[in-house]
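Contents: one structure, followed by commentary.
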Amino acid sequence: MLRYLPLLLLTFLCTSARAQAPQKAAQRNCLLIEPARIFDGENFHEGKAVLVQDERITDIGEVGEMEVPADCEVREFPKGTLLPGMIEGHSHLLLHPYNETSWTDQVLLESYAERAIRGANHARKTLAAGFTTVRDLGSEGAGYVDVGLKQSIEKGVTPGPRMIVAGKAMVTTGSYGPRGFADHVTVPLGAETADGLDDLTRVVRDQIGRGADVIKVYADYRWGANKMAMPTYTQRELELVVELASSSGRQVVAHAATPEGMRRAVEAGVRTIEHGDGGTREVFELMKARGVALCPTLAAGDAITQYRGWEKGSEPEPERIVNKRKSFALALAVGVEIVAGGDVGVFPHGDNARELEMMVDYGMKPLAVLRSVTSGNADVFELPDLGRVALGKLADLVVVTGNPGKDVAALRKVELVVKGGVVFFGER
């Protein structure tokens, strides 16, 4: 048997090489993309082409008038729109839809290995949908598997978007789940508890040391009387979290749905409010004045309401949806900056465009939605190399069939995905 080991090893190596061949074949030193139109992150332009060399955009010019290397691959999309790789503002790549498996069962019954494998599959679907960057806001009971997934993508182990990861979200003792078990039963939580100034200091610094790019706190949660959403952290506690994170160059984001939870988080200096369902005019005006953006996650609430029995399209909208429409419209009227992010994982990965369609349905203009999911998110998340089709920017690009400036549903018709100059989807 031993004499056959070299042959078996050679066979394994050759098989592995063949398995990697599609990704290697996707490598391009030079790529010229000629679409019908370009959305550069701010506005539309027609009759222009984009030249990609190595990982960056090196030229933008009139079709047929650019100096292009002789060996450059040319890709023409006569009905397509080229736009920056989209940026998902609120994702959980380690979760899958709650109508498949409840959140509690995912946290308690699925192994880290299973969740990592699911995460890799979700990452691939996300990238294929044209989202080349995601802000992943919490591993939800999976430790720092999100950090490992990010590193695996960076190493080329699996295709996926660039990731901004939060690791374990921070919660107060007694506020987060899974809950409802007997007093003598101890279960793992879907986040990390941190109470008081000393504990908060330790946890924030520990999370940073373990690879968190952003710190996420739950400024309120459903832990009040009769499970009402109520604030969790005090003003001073939130201020300390922001102070500690900021000293390392990191942002803080806050899950907040109550006016008081939102107010405390905004006053403390968080960068974004996630959800914001109960936002009032006063709170939204404060957010605008302080430059705090809102990530409304419209699609998550819509999906959960359907999981609970609402037959969308055939039944009147329930109170939760009606109120969400009102709060989102109020935020738009006040002029709060909107982050495009759907809380993907509550609903299927790869269906990220669902949030963008709902943003339009809830009153946002298509052009504003396109700006939000590209240049807007890049600015809020401090990603200067991304979100725009411009000279010198990283070549994270997407081509879709049709004109999403007229119908954002065109964003679902992905023809080409380029990340860092590499064609990941859309091979000839």
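The way I read the labels, and the way they are meant: chains A, B, ... in the order of the structure tokens, residue 1 as the first residue of every chain, and ligand 1 as the first ligand shown, with later ones counted on from there.
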Region 366-381 of chain A environment, 10 Å, only C-alpha atoms, sequence neighbours closer than 2 positions dropped, as a ChimeraX atom specification: /A:39-44,83-89,131,133-135,164,214,250-251,271-272,291-293,295,337-341,353,355-361,363-364,383-389,404-409,411
In region 39-283 of chain A, DSSP strand (DSSP E or B) residues written as a ChimeraX atom specification: /A:39,44-46,48-53,56-62,73-84,86-91,131-136,162-165,170-171,192-193,214-218,220-222,229-231,251-256,272-275
Test item, helix (DSSP H, G or I) assignment across region 89-185 of chain A, answer as a PyMOL selection string: chain A and resi 103-109+112-128+145-155
